[in-house]
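Below is one structure; the comments refer to it alone.
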Amino acid sequence: MAEADLALAERVANVRSRAGLDVARILVILGLGLVLFFLILPTLIVVPMSVGTASYISFPPEGFTLRWYIAYFRDPSWMSATWFSLRIAGVTTLAATVIGTLAAIALVRGRLPGKELLQAFTIAPLVVPHIVIAVAFYLTFAPLGLTGNFYGFAIAHTMLAVPYVVITVGAALQRFDPALELAALNCGATRLQAFFHVVLPNILPGVAAGAVFAFLASFDEATVAFFISGIEGKTITRKMFEDIDFNLTPVIAAVSTVLTLISLTLMGTIEIARRRSGAGSDH
Amino acid sequence: MHGASVSLRELGKRYGCVRAVDRVAIDIRPGEFLSLLGPSGSGKTTLLMMVAGFELPDSGAIWVGDRDITLVAPNRRDIGMVFQRYALFPHMTVAENIAFPLRMRRFSKKKTMQAVADALALVQLGGFEARLPAQLSGGQQQRVAVARALVFEPPVLLMDEPLGALDKKLREQMQIEIKRLQQSLGITVLYVTHDQEEALTMSDRIAVMRDGRLEQIGSPAELYDAPATSFVADFIGKMNFLEGECLGQDARCFEITIGRSSTIVVDRHLASHEALPQRGERVRLAVRPERIELTPHKNQKLSGIVESVIFVGSSRTFLVRLAGGELLHVQSQTTRESYSPSQGERVGLSIPSDCVHVFPQAEC
Amino acid sequence: MPESSLAQPRIHGSPSSAGRYGTMTSLVLVSPLILLLGIAFAYPVGRLLWNSVFAPEPTLAHYTRIVAEPLYLVVLWRTFQIAFIVTVLAFLFGYPVAYAMARIPGRRAMLIAACVLVPLWTSILVRTYAWIVLLQRNGIVNTVLQETGLTETPLQLLYTQGAVILAMTHVLLPFMVLPIYSTLRNIPDDLAKAARNLGAGAPQAFIRITLPLSLPGAAAGTLITFILALGFYITPALVGGPRTLMMSTLIAQQTTELLDWPFAGALSAVLLTSTLLLAALYRRALSFSKGFSNG
């Protein structure tokens with residue numbers, strides 16, 4: 001296994017470091033580099049594809065053009081799908097953050113009968129395959145006219161996103177020192193005052209992270225969207241799925257780049273904020 | 001600021017079948033510094049939490065002054081508290097932390113600012129208003145916590161092992177400072193600690209807790225010189241314990257054997273248990289290391305061999321092995337003329353009859 | 001407003017432990033979540049499963065069909081086979097990456113972390129699209145192969161089982177790396193050093209100390225990857241073809257093309273049961289790892 005190789009390389013390096021001959025180590029680094037290349041390549045490849053001039057996919061891309069981005073922004077069907085997705089993601093973020101935060105407080109800090117079971121139920125939508133959820137949701141909600149419909153999506157996506165909020169806010173609450181809340185009560189604050197003055201400001205990074213996860217869980221969601229989209233109400237993921245399946249144009253690369261940029265910006269912000277607060281607490 | 005009396009009346013608290021606090025009754029005088037001392041799990045923190053209002057007692061009542069606060073919500077009790085790890089709000093500055101109790105009481109801005117400045121001056125932290133707790137040292141955080149607990153002028157201050165997180169030197173300095181502050185303000189302090197030295201240094205009285213029960217309450221000197229149980233004897237100060245058997249008694253004293261050959265005489269009033277030991281009964285003897293006197297060996301009733309000598313500056317501790325195998329700690333002042341045997345030397349020991357505490361053996 | 005119940009601390013009734021919210025308050029706080037999951041998740045999934053047995057009348061015919069027809073058995077077998085291969089590949093690729101991420105200091109660790117996190121944060125649809133671009137007939141891989149003279153005519157890469165496995169491994173790899181990384185990071189570096197100091201060679205120190213201590217993370221990563229692979233839809237649907245039908249794509253086919261809801265329900269039940277069994281195993285692995293850190 002590569003691991004033993006790495007360790008072996010270390011020993012070999014120790015023995016022969018002066019000689020400078022270090023074949024095993026180089027091999028290990030090469031293997032690691034290949035895996036990392038495998039990881040990152042498909043994610044970044046869409047960027048050059050989206051600015052090539054050819055109207056079919058070719059590599060290496062020739063020329064430079066923004067026409068595929070312009071095509072994306074001028075195409076009413078892409079635009080309506082994008083706005084539809086953004087609206088759903090916005091409502092999902094709000095609903096999932098509020099519902100998930102309240103539930104996390106109860107699940108971490110409350111006295112509840114059958115807490116373990118409730119916690120398992122809360123994360124069930126993460127465990128149950130999305131194809132099963134999608135088909136089941138369609139079976140129940142299609143007769144009610146909730147497919148291809150904003151409200152249907154809002155309900156489905158809030159349900160899919162809420163576990164992320166419960167997990168991140170729950171983790172933040174677990175790190176939160178309950179003595180701080182007692183101290184607030186001792187200082188004369190009511191439970192509600194203690195929550196808003198002391199608990200909430202301290203778990204806010206967790207709540208913000210949960211909100212970002214909820215947004216992306218909705219905005220990037222494809223499986224359920226595939227089933228409950230209609231001809232009118234169609235998310236950007238469903239539109240992409242169709243276009244990938246039927247007419248593979250470089251516009252998809254442009255859309256992919258936009259989607260990736262949004263995801264990376266949001267997650268990168270959270271990650272940097274997390275690292276910064278982590279580094280801050282060390283001192 | 002004037003302290004109020006605190007009266008704990010037959011307080012009880014169970015968790016399942018564990019009696020965390022078992023019918024504890026303590027009356028704390030106004031302005032008194034009372035320590036709750038005991039090992040972890042002895043119920044001292046639970047007791048404090050009940051006074052603060054974070055736990056409700058199953059039975060009994062808590063009075064502050066002439067007010068029954070047993071069922072009053074924690075935020076309406078007007079009792080200051082310093083938490084174990086200070087519990088300073090990390091997102092608020094020092095000034096905001098101290099102003100918090102006043103904000104909750106809807107003080108005017110001007111009054112709040114003045115009170116915060118006063119409280120900071122009290123703990124000698126003027127100029128630190130704008131810092132965040134994370135930017136303070138442990139000792140400074142501790143002072144902010146004290147200022148926050150005192151700023152709304154509560155008649156009673158609770159402290160839950162407030163010095164546990166500090167290093168030894170700072171801890172000793174803070175002990176003196178807190179005591180000085182308490183005396184100048186005249187506030188009643190209920191102080192939880194598991195550090196007996198800390199309790200002895202700071203308290204007017206100490207309540208020793210064990211397994212949820214109040215073991216003994218009294219001044220530091222009373223607890224040190226007249227422990228009621230062998231637990232208190234062991235917990236407070238250093239103590240030698242010996243097993244023995246009662247040989248007989250007269251009006252004034254008992255005679256007790258240690259091991260096979262040695263005997264000592266004990267004053268009658270120092271036997272702690274209600275029923276005095278009968279002839280033939282096994283007992284437990286306790287002697288403070290500094291009460292034992294070492295003399296050159298000359299056929300004394302009690303003799304042993306010095307196993308090691310530990311130098312601790314102002315005094316020396318000798319570990320002496322008795323003939324029966326028991327090991328005694330003997331402490332003596334380091335003076336020029338004092339007898340100072342060396343390792344391996346055979347020595348005689350004399351124990352004054354009024355320095356031995358006798359406990360029934362069944363107790364431990 | 002549910003929070004209003006927080007306003008008054010409970011002063012009567014059962015003793016409330018320090019800093020805990022009472023049962024009534026807690027129930028009010030979780031009720032929106034329970035309502036949402038009940039209506040949008042539990043009820044629909046329950047109904048799908050119910051339909052597989054009771055619609056229109058009680059029958060197990062839909063389940064016997066899965067076992068009786070070779071086509072469906074093949075799909076079932078293929079699903080587990082692909083999920084297994086993907087998991088093994090993800091472990092072999094993922095462990096060294098996690099190890100490097102946990103042990104290499106400074107900038108290079110950030111670089112490795114970025115290589116793991118960036119794909120994780122990118123839409124699955126985008127990544128699947130990228131694999132199509134890479135693997136299609138006139139795609140990048142074929143172009144490179146032809147230009148280097150390894151092949152003369154373009155190979156059929158897309159819509160094969162190999163393509164599905166490759167793309168799924170890529171998509172699921174971060175889910176393997178991260179749990180292993182988090183256990184490795186929590187193993188003090190001193191332990192391996194102590195082992196070296198006590199006379200173990202580097203490989204021995206790794207095999208006897210680091211590897212066993214990282215097993216809980218490896219178990220968690222393996223199970224998560226396997227669970228996700230079993231129910232994966234988007235990637236097999238786009239990268240795979242008719243000959244790489246998996247459980248998820250079969251369920252989709254039954255509902256969108258054949259409208260056979262009871263049979264789709266039966267297939268879902270099989271998929272769900274396998275998933276939940278594995279999830280239960282995962283919980284055991286988690287409690288195992290917990291015991292590990294406490295011990």
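Scheme for the structure tokens: letters A, B, ... for chains in order shown; per-chain residue numbers from 1; ligand numbers from 1 in order shown.
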Write out as JSON lines the residues of chain B that have any atom within 6 Å of an atom of chain A, one row each with the nearest atom pair and its distance in Å to one decimal, counting only C-alpha atoms, sorted by chain and then rising number.
```
{"residue": "B:Pro74", "atom": "CA", "partner": "A:Asn186", "partner_atom": "CA", "distance": 5.8}
{"residue": "B:Asn75", "atom": "CA", "partner": "A:Gly188", "partner_atom": "CA", "distance": 3.9}
{"residue": "B:Ala87", "atom": "CA", "partner": "A:Leu180", "partner_atom": "CA", "distance": 4.9}
{"residue": "B:Pro101", "atom": "CA", "partner": "A:Cys187", "partner_atom": "CA", "distance": 4.4}
{"residue": "B:Met104", "atom": "CA", "partner": "A:Ala189", "partner_atom": "CA", "distance": 5.5}
```
For this session: Report as JSON, numbers by chain the set of chain C residues whose atoms approach chain A to within 6 Å, with distances computed over only C-alpha atoms.
Result: {"C": [6, 7, 20, 21, 22, 23, 26, 29, 30, 33, 44, 45, 48, 96, 115, 119, 122, 123, 126, 127, 130, 140, 202, 203, 231, 268]}
Those residues with C-alpha atoms, as a PDB file, in the first residue's frame please?
```pdb
ATOM      1  CA  LEU C   6     -38.165  30.742  26.655  1.00  0.00           C
ATOM      2  CA  ALA C   7     -39.060  34.057  28.220  1.00  0.00           C
ATOM      3  CA  ARG C  20     -31.312  22.901  30.097  1.00  0.00           C
ATOM      4  CA  TYR C  21     -34.537  23.801  28.405  1.00  0.00           C
ATOM      5  CA  GLY C  22     -37.645  22.122  29.718  1.00  0.00           C
ATOM      6  CA  THR C  23     -39.511  19.403  27.875  1.00  0.00           C
ATOM      7  CA  SER C  26     -37.976  21.730  23.636  1.00  0.00           C
ATOM      8  CA  LEU C  29     -38.751  24.131  19.336  1.00  0.00           C
ATOM      9  CA  VAL C  30     -38.489  20.832  17.443  1.00  0.00           C
ATOM     10  CA  LEU C  33     -38.820  20.238  12.090  1.00  0.00           C
ATOM     11  CA  PRO C  44     -44.104  10.144   1.127  1.00  0.00           C
ATOM     12  CA  VAL C  45     -41.409   7.510   1.685  1.00  0.00           C
ATOM     13  CA  LEU C  48     -44.060   4.562  -1.524  1.00  0.00           C
ATOM     14  CA  PRO C  96      -2.661   8.461   1.321  1.00  0.00           C
ATOM     15  CA  CYS C 115      -7.645  19.632  -3.992  1.00  0.00           C
ATOM     16  CA  PRO C 119     -14.413  19.138  -5.843  1.00  0.00           C
ATOM     17  CA  THR C 122     -18.621  21.831  -6.710  1.00  0.00           C
ATOM     18  CA  SER C 123     -22.021  20.735  -7.937  1.00  0.00           C
ATOM     19  CA  VAL C 126     -20.769  20.053 -12.956  1.00  0.00           C
ATOM     20  CA  ARG C 127     -18.331  17.302 -12.068  1.00  0.00           C
ATOM     21  CA  ALA C 130     -16.662  17.403 -16.734  1.00  0.00           C
ATOM     22  CA  ILE C 140      -9.903  15.109 -24.085  1.00  0.00           C
ATOM     23  CA  ALA C 202       8.823   3.657  10.273  1.00  0.00           C
ATOM     24  CA  PRO C 203       6.694   1.031   8.475  1.00  0.00           C
ATOM     25  CA  GLY C 231     -28.103   5.158  -4.114  1.00  0.00           C
ATOM     26  CA  SER C 268     -36.824   1.554  -3.313  1.00  0.00           C
TER      27      SER C 268
END
```
Within 12 Å of segment 97-114 of chain C: each segment 170-280 of chain C residue with its shortest pair, only C-alpha atoms, as a tab-separated table:
```
residue	atom	partner	partner_atom	distance
C:Leu173	CA	C:Val97	CA	9.9
C:Pro174	CA	C:Ala98	CA	9.4
C:Phe175	CA	C:Ala98	CA	10.8
C:Met176	CA	C:Ala98	CA	8.6
C:Val177	CA	C:Ala98	CA	5.2
C:Leu178	CA	C:Ala98	CA	6.9
C:Pro179	CA	C:Ala98	CA	8.6
C:Ile180	CA	C:Ala98	CA	6.1
C:Tyr181	CA	C:Ala98	CA	4.6
C:Ser182	CA	C:Ala102	CA	7.9
C:Thr183	CA	C:Ala102	CA	9.1
C:Leu184	CA	C:Ala102	CA	6.2
C:Arg185	CA	C:Ala102	CA	5.2
C:Asn186	CA	C:Ala102	CA	9.0
C:Ile187	CA	C:Ala102	CA	9.6
C:Pro188	CA	C:Arg103	CA	10.4
C:Asp189	CA	C:Arg103	CA	8.3
C:Asp190	CA	C:Arg103	CA	11.9
C:Ala192	CA	C:Arg103	CA	11.5
C:Phe206	CA	C:Tyr99	CA	10.8
C:Thr210	CA	C:Tyr99	CA	9.8
C:Leu211	CA	C:Tyr99	CA	10.1
C:Ser214	CA	C:Tyr99	CA	9.8
C:Gly217	CA	C:Ala98	CA	10.3
C:Ala218	CA	C:Ala98	CA	10.1
C:Gly221	CA	C:Ala98	CA	10.9
```
Residues of the last selection are to be written out with N, CA and C atoms, as a PDB file, in the first residue's frame.
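File produced: selection.pdb:
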```
ATOM      1  N   LEU C 173     -14.781  10.528  -3.618  1.00  0.00           N
ATOM      2  CA  LEU C 173     -13.481  10.485  -2.948  1.00  0.00           C
ATOM      3  C   LEU C 173     -13.388  11.414  -1.724  1.00  0.00           C
ATOM      4  N   PRO C 174     -13.865  12.664  -1.804  1.00  0.00           N
ATOM      5  CA  PRO C 174     -13.771  13.540  -0.619  1.00  0.00           C
ATOM      6  C   PRO C 174     -14.489  12.968   0.604  1.00  0.00           C
ATOM      7  N   PHE C 175     -15.572  12.224   0.383  1.00  0.00           N
ATOM      8  CA  PHE C 175     -16.309  11.648   1.514  1.00  0.00           C
ATOM      9  C   PHE C 175     -15.495  10.558   2.204  1.00  0.00           C
ATOM     10  N   MET C 176     -14.545   9.976   1.466  1.00  0.00           N
ATOM     11  CA  MET C 176     -13.631   9.002   2.072  1.00  0.00           C
ATOM     12  C   MET C 176     -12.488   9.720   2.791  1.00  0.00           C
ATOM     13  N   VAL C 177     -11.963  10.745   2.141  1.00  0.00           N
ATOM     14  CA  VAL C 177     -10.765  11.414   2.670  1.00  0.00           C
ATOM     15  C   VAL C 177     -11.053  12.098   4.009  1.00  0.00           C
ATOM     16  N   LEU C 178     -12.165  12.826   4.078  1.00  0.00           N
ATOM     17  CA  LEU C 178     -12.379  13.692   5.241  1.00  0.00           C
ATOM     18  C   LEU C 178     -12.504  12.951   6.573  1.00  0.00           C
ATOM     19  N   PRO C 179     -13.301  11.868   6.667  1.00  0.00           N
ATOM     20  CA  PRO C 179     -13.351  11.160   7.969  1.00  0.00           C
ATOM     21  C   PRO C 179     -11.991  10.577   8.369  1.00  0.00           C
ATOM     22  N   ILE C 180     -11.254  10.038   7.381  1.00  0.00           N
ATOM     23  CA  ILE C 180      -9.941   9.477   7.701  1.00  0.00           C
ATOM     24  C   ILE C 180      -9.023  10.599   8.170  1.00  0.00           C
ATOM     25  N   TYR C 181      -9.078  11.718   7.470  1.00  0.00           N
ATOM     26  CA  TYR C 181      -8.248  12.864   7.843  1.00  0.00           C
ATOM     27  C   TYR C 181      -8.534  13.296   9.279  1.00  0.00           C
ATOM     28  N   SER C 182      -9.831  13.347   9.629  1.00  0.00           N
ATOM     29  CA  SER C 182     -10.131  13.882  10.965  1.00  0.00           C
ATOM     30  C   SER C 182      -9.664  12.933  12.067  1.00  0.00           C
ATOM     31  N   THR C 183      -9.699  11.601  11.836  1.00  0.00           N
ATOM     32  CA  THR C 183      -9.140  10.730  12.892  1.00  0.00           C
ATOM     33  C   THR C 183      -7.619  10.821  12.910  1.00  0.00           C
ATOM     34  N   LEU C 184      -7.011  10.874  11.722  1.00  0.00           N
ATOM     35  CA  LEU C 184      -5.546  10.949  11.687  1.00  0.00           C
ATOM     36  C   LEU C 184      -5.043  12.201  12.377  1.00  0.00           C
ATOM     37  N   ARG C 185      -5.780  13.302  12.175  1.00  0.00           N
ATOM     38  CA  ARG C 185      -5.335  14.556  12.760  1.00  0.00           C
ATOM     39  C   ARG C 185      -5.423  14.510  14.286  1.00  0.00           C
ATOM     40  N   ASN C 186      -6.369  13.703  14.794  1.00  0.00           N
ATOM     41  CA  ASN C 186      -6.525  13.625  16.246  1.00  0.00           C
ATOM     42  C   ASN C 186      -5.590  12.621  16.903  1.00  0.00           C
ATOM     43  N   ILE C 187      -4.836  11.868  16.086  1.00  0.00           N
ATOM     44  CA  ILE C 187      -3.832  10.974  16.671  1.00  0.00           C
ATOM     45  C   ILE C 187      -2.583  11.810  16.910  1.00  0.00           C
ATOM     46  N   PRO C 188      -2.151  11.925  18.160  1.00  0.00           N
ATOM     47  CA  PRO C 188      -0.968  12.747  18.415  1.00  0.00           C
ATOM     48  C   PRO C 188       0.228  12.223  17.635  1.00  0.00           C
ATOM     49  N   ASP C 189       0.964  13.135  17.053  1.00  0.00           N
ATOM     50  CA  ASP C 189       2.155  12.784  16.298  1.00  0.00           C
ATOM     51  C   ASP C 189       3.151  12.052  17.193  1.00  0.00           C
ATOM     52  N   ASP C 190       3.089  12.360  18.507  1.00  0.00           N
ATOM     53  CA  ASP C 190       4.009  11.764  19.479  1.00  0.00           C
ATOM     54  C   ASP C 190       3.950  10.242  19.492  1.00  0.00           C
ATOM     55  N   ALA C 192       3.528   7.963  17.117  1.00  0.00           N
ATOM     56  CA  ALA C 192       4.410   7.324  16.157  1.00  0.00           C
ATOM     57  C   ALA C 192       5.866   7.570  16.551  1.00  0.00           C
ATOM     58  N   PHE C 206       3.932   2.722  11.591  1.00  0.00           N
ATOM     59  CA  PHE C 206       2.691   3.023  10.886  1.00  0.00           C
ATOM     60  C   PHE C 206       1.690   1.878  11.028  1.00  0.00           C
ATOM     61  N   THR C 210      -0.302   3.945  13.919  1.00  0.00           N
ATOM     62  CA  THR C 210      -1.142   4.904  13.207  1.00  0.00           C
ATOM     63  C   THR C 210      -2.335   4.234  12.528  1.00  0.00           C
ATOM     64  N   LEU C 211      -2.051   3.146  11.796  1.00  0.00           N
ATOM     65  CA  LEU C 211      -3.127   2.499  11.048  1.00  0.00           C
ATOM     66  C   LEU C 211      -4.267   2.011  11.947  1.00  0.00           C
ATOM     67  N   SER C 214      -6.371   4.813  13.204  1.00  0.00           N
ATOM     68  CA  SER C 214      -7.166   5.530  12.201  1.00  0.00           C
ATOM     69  C   SER C 214      -8.303   4.669  11.677  1.00  0.00           C
ATOM     70  N   GLY C 217     -11.993   6.104  11.583  1.00  0.00           N
ATOM     71  CA  GLY C 217     -12.210   7.038  10.477  1.00  0.00           C
ATOM     72  C   GLY C 217     -12.309   6.313   9.152  1.00  0.00           C
ATOM     73  N   ALA C 218     -11.435   5.300   8.980  1.00  0.00           N
ATOM     74  CA  ALA C 218     -11.458   4.530   7.746  1.00  0.00           C
ATOM     75  C   ALA C 218     -12.794   3.800   7.613  1.00  0.00           C
ATOM     76  N   GLY C 221     -15.458   6.424   6.730  1.00  0.00           N
ATOM     77  CA  GLY C 221     -15.326   6.858   5.339  1.00  0.00           C
ATOM     78  C   GLY C 221     -15.792   5.782   4.377  1.00  0.00           C
TER      79      GLY C 221
END
```
For this session: Could you please tell me, as a list in words, which residues of chain B have an atom within 10 Å of chain C when using only C-alpha atoms?
Result: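 Close enough to count are Lys13, Arg14, Tyr15, Thr46, Met49, Met50, Gly53, Phe54, Glu55, Leu56, Pro57, Asp58, Thr70, Leu71, Val72, Ala73, Pro74 and Asn75 of chain B.
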Write out the residues from the selection above, keeping N, CA and C atoms, as a PDB file, in the first residue's frame.
```
ATOM      1  N   LYS B  13     -31.299  17.045  47.575  1.00  0.00           N
ATOM      2  CA  LYS B  13     -31.378  16.925  46.121  1.00  0.00           C
ATOM      3  C   LYS B  13     -30.934  15.540  45.716  1.00  0.00           C
ATOM      4  N   ARG B  14     -31.776  14.858  44.931  1.00  0.00           N
ATOM      5  CA  ARG B  14     -31.421  13.524  44.468  1.00  0.00           C
ATOM      6  C   ARG B  14     -31.288  13.530  42.960  1.00  0.00           C
ATOM      7  N   TYR B  15     -30.367  12.727  42.430  1.00  0.00           N
ATOM      8  CA  TYR B  15     -30.352  12.405  41.006  1.00  0.00           C
ATOM      9  C   TYR B  15     -30.564  10.910  40.929  1.00  0.00           C
ATOM     10  N   THR B  46     -23.327  21.294  43.721  1.00  0.00           N
ATOM     11  CA  THR B  46     -24.784  21.207  43.623  1.00  0.00           C
ATOM     12  C   THR B  46     -25.440  22.178  44.607  1.00  0.00           C
ATOM     13  N   MET B  49     -25.154  25.599  43.237  1.00  0.00           N
ATOM     14  CA  MET B  49     -26.074  25.769  42.109  1.00  0.00           C
ATOM     15  C   MET B  49     -27.504  25.986  42.603  1.00  0.00           C
ATOM     16  N   MET B  50     -27.838  25.374  43.721  1.00  0.00           N
ATOM     17  CA  MET B  50     -29.187  25.560  44.260  1.00  0.00           C
ATOM     18  C   MET B  50     -29.337  26.973  44.814  1.00  0.00           C
ATOM     19  N   GLY B  53     -29.810  29.179  41.972  1.00  0.00           N
ATOM     20  CA  GLY B  53     -31.094  28.995  41.300  1.00  0.00           C
ATOM     21  C   GLY B  53     -31.017  28.156  40.051  1.00  0.00           C
ATOM     22  N   PHE B  54     -29.864  27.540  39.774  1.00  0.00           N
ATOM     23  CA  PHE B  54     -29.732  26.720  38.575  1.00  0.00           C
ATOM     24  C   PHE B  54     -30.182  25.284  38.807  1.00  0.00           C
ATOM     25  N   GLU B  55     -30.324  24.916  40.061  1.00  0.00           N
ATOM     26  CA  GLU B  55     -30.894  23.612  40.400  1.00  0.00           C
ATOM     27  C   GLU B  55     -31.982  23.869  41.430  1.00  0.00           C
ATOM     28  N   LEU B  56     -33.059  23.116  41.334  1.00  0.00           N
ATOM     29  CA  LEU B  56     -34.100  23.266  42.346  1.00  0.00           C
ATOM     30  C   LEU B  56     -33.962  22.146  43.365  1.00  0.00           C
ATOM     31  N   PRO B  57     -34.001  22.477  44.658  1.00  0.00           N
ATOM     32  CA  PRO B  57     -33.901  21.423  45.675  1.00  0.00           C
ATOM     33  C   PRO B  57     -35.177  20.569  45.689  1.00  0.00           C
ATOM     34  N   ASP B  58     -35.024  19.295  46.046  1.00  0.00           N
ATOM     35  CA  ASP B  58     -36.198  18.426  46.190  1.00  0.00           C
ATOM     36  C   ASP B  58     -36.904  18.735  47.497  1.00  0.00           C
ATOM     37  N   THR B  70     -36.188  30.054  47.546  1.00  0.00           N
ATOM     38  CA  THR B  70     -36.097  28.668  47.088  1.00  0.00           C
ATOM     39  C   THR B  70     -36.591  28.495  45.652  1.00  0.00           C
ATOM     40  N   LEU B  71     -37.706  29.146  45.314  1.00  0.00           N
ATOM     41  CA  LEU B  71     -38.311  28.942  43.993  1.00  0.00           C
ATOM     42  C   LEU B  71     -38.187  30.171  43.087  1.00  0.00           C
ATOM     43  N   VAL B  72     -37.394  31.142  43.514  1.00  0.00           N
ATOM     44  CA  VAL B  72     -37.235  32.347  42.702  1.00  0.00           C
ATOM     45  C   VAL B  72     -36.344  32.034  41.493  1.00  0.00           C
ATOM     46  N   ALA B  73     -36.705  32.591  40.318  1.00  0.00           N
ATOM     47  CA  ALA B  73     -35.921  32.357  39.106  1.00  0.00           C
ATOM     48  C   ALA B  73     -34.510  32.906  39.290  1.00  0.00           C
ATOM     49  N   PRO B  74     -33.515  32.266  38.654  1.00  0.00           N
ATOM     50  CA  PRO B  74     -32.120  32.664  38.879  1.00  0.00           C
ATOM     51  C   PRO B  74     -31.865  34.142  38.567  1.00  0.00           C
ATOM     52  N   ASN B  75     -32.568  34.677  37.559  1.00  0.00           N
ATOM     53  CA  ASN B  75     -32.301  36.064  37.174  1.00  0.00           C
ATOM     54  C   ASN B  75     -32.953  37.084  38.110  1.00  0.00           C
TER      55      ASN B  75
END
```
For this session: Go ahead and compute the interatomic distance for atom CA of Thr249 of chain C and atom CA of Asn247 of chain A, in Å to one decimal.
Result: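 For atom CA of Thr249 of chain C relative to atom CA of Asn247 of chain A, the distance reads 20.6 Å.
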For this session: Would you list the contacts of Gln361 of chain B as a PyMOL selection string, taking every protein, DNA or RNA residue within 8 Å and counting only C-alpha atoms, but skipping same-chain residues closer than 3 positions in sequence?
Result: chain B and resi 243+282-284+364
Go ahead and save the residues from that selection, with N, CA, C and O atoms, as a PDB file, in the first residue's frame.
```pdb
ATOM      1  N   GLU B 243      -3.613   2.288  63.595  1.00  0.00           N
ATOM      2  CA  GLU B 243      -4.632   1.375  64.111  1.00  0.00           C
ATOM      3  C   GLU B 243      -4.209   0.970  65.530  1.00  0.00           C
ATOM      4  O   GLU B 243      -3.026   0.794  65.806  1.00  0.00           O
ATOM      5  N   ARG B 282     -11.265  -2.032  68.736  1.00  0.00           N
ATOM      6  CA  ARG B 282     -10.282  -1.514  67.784  1.00  0.00           C
ATOM      7  C   ARG B 282     -10.601  -0.047  67.502  1.00  0.00           C
ATOM      8  O   ARG B 282     -11.765   0.309  67.313  1.00  0.00           O
ATOM      9  N   VAL B 283      -9.588   0.802  67.485  1.00  0.00           N
ATOM     10  CA  VAL B 283      -9.817   2.226  67.231  1.00  0.00           C
ATOM     11  C   VAL B 283      -8.804   2.741  66.205  1.00  0.00           C
ATOM     12  O   VAL B 283      -7.828   2.068  65.865  1.00  0.00           O
ATOM     13  N   ARG B 284      -9.116   3.948  65.712  1.00  0.00           N
ATOM     14  CA  ARG B 284      -8.224   4.595  64.757  1.00  0.00           C
ATOM     15  C   ARG B 284      -7.703   5.860  65.423  1.00  0.00           C
ATOM     16  O   ARG B 284      -8.493   6.660  65.923  1.00  0.00           O
ATOM     17  N   CYS B 364     -14.084   4.079  58.677  1.00  0.00           N
ATOM     18  CA  CYS B 364     -13.509   4.024  57.345  1.00  0.00           C
ATOM     19  C   CYS B 364     -13.523   2.590  56.859  1.00  0.00           C
ATOM     20  O   CYS B 364     -13.319   2.213  55.825  1.00  0.00           O
TER      21      CYS B 364
END
```
Exercise. Do you know which residues are at most 12 Å from Gln142 of chain B counting only C-alpha atoms, after dropping those on the same chain fewer than 5 positions away, and could you put them as a PyMOL selection string?
Worked result: chain B and resi 81-88+94+120+123-125+133+136-137+147-149+159-166+170-171+174-175+177-178
For this session: Quote the spacing between atom CA of Ile264 of chain B and atom CA of His297 of chain B in Å to one decimal place.
Result: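 Answer for the atom CA of Ile264 of chain B to atom CA of His297 of chain B separation: 16.6 Å.
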Exercise. What is the atom CA of Ala154 of chain A to atom CA of Ser229 of chain A distance in Å?
Worked result: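 Atom-to-atom, atom CA of Ala154 of chain A to atom CA of Ser229 of chain A, that is 12.0 Å.
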For this session: List the neighbours of Val64 of chain B out to 6 Å using only C-alpha atoms; skip same-chain residues closer than 3 positions along the sequence, and give me the result as a PyMOL selection string.
Result: chain B and resi 5-6+67
Exercise. With only C-alpha atoms as the atoms that count, which of A:Leu66, A:Ala172, A:Ala273, A:Ile167 lies nearest to Pro48 of chain A?
Worked result: A:Leu66
For this session: Find the residues near segment 346-358 of chain B: any atom within 8 Å, counting only C-alpha atoms, skip ones fewer than 6 places away on the same chain, and give them as a ChimeraX atom specification.
Result: /B:226,264-267,270-273,283-288,291-306
For this session: Please provide as an MDAnalysis selection string all residues within 8 Å of Gly212 of chain B, with the sequence filter that same-chain residues fewer than 5 positions apart are discarded (counting only C-alpha atoms).
Result: chainID B and resid 19:22 24 41:44
Exercise. Where in segment 104-281 of chain C does DSSP assign alpha helix (DSSP H), given as a ChimeraX atom specification?
Worked result: /C:107-121,124-135,140-147,161-186,189-197,202-205,211-230,234-239,247-256,261-281
Exercise. Smallest atom-to-atom distance to Ala40 of chain C: which of A:Tyr72, A:Phe153, A:Phe176, A:Tyr164, using only C-alpha atoms?
Worked result: A:Phe153
For this session: Check the smallest atom-to-atom distance from each of A:Ile203, A:Ala81, A:Ala171, A:Ile236 to Pro90 of chain B using only C-alpha atoms, then report the winner.
Result: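 Smallest distance to Pro90 of chain B is found for A:Ile203.
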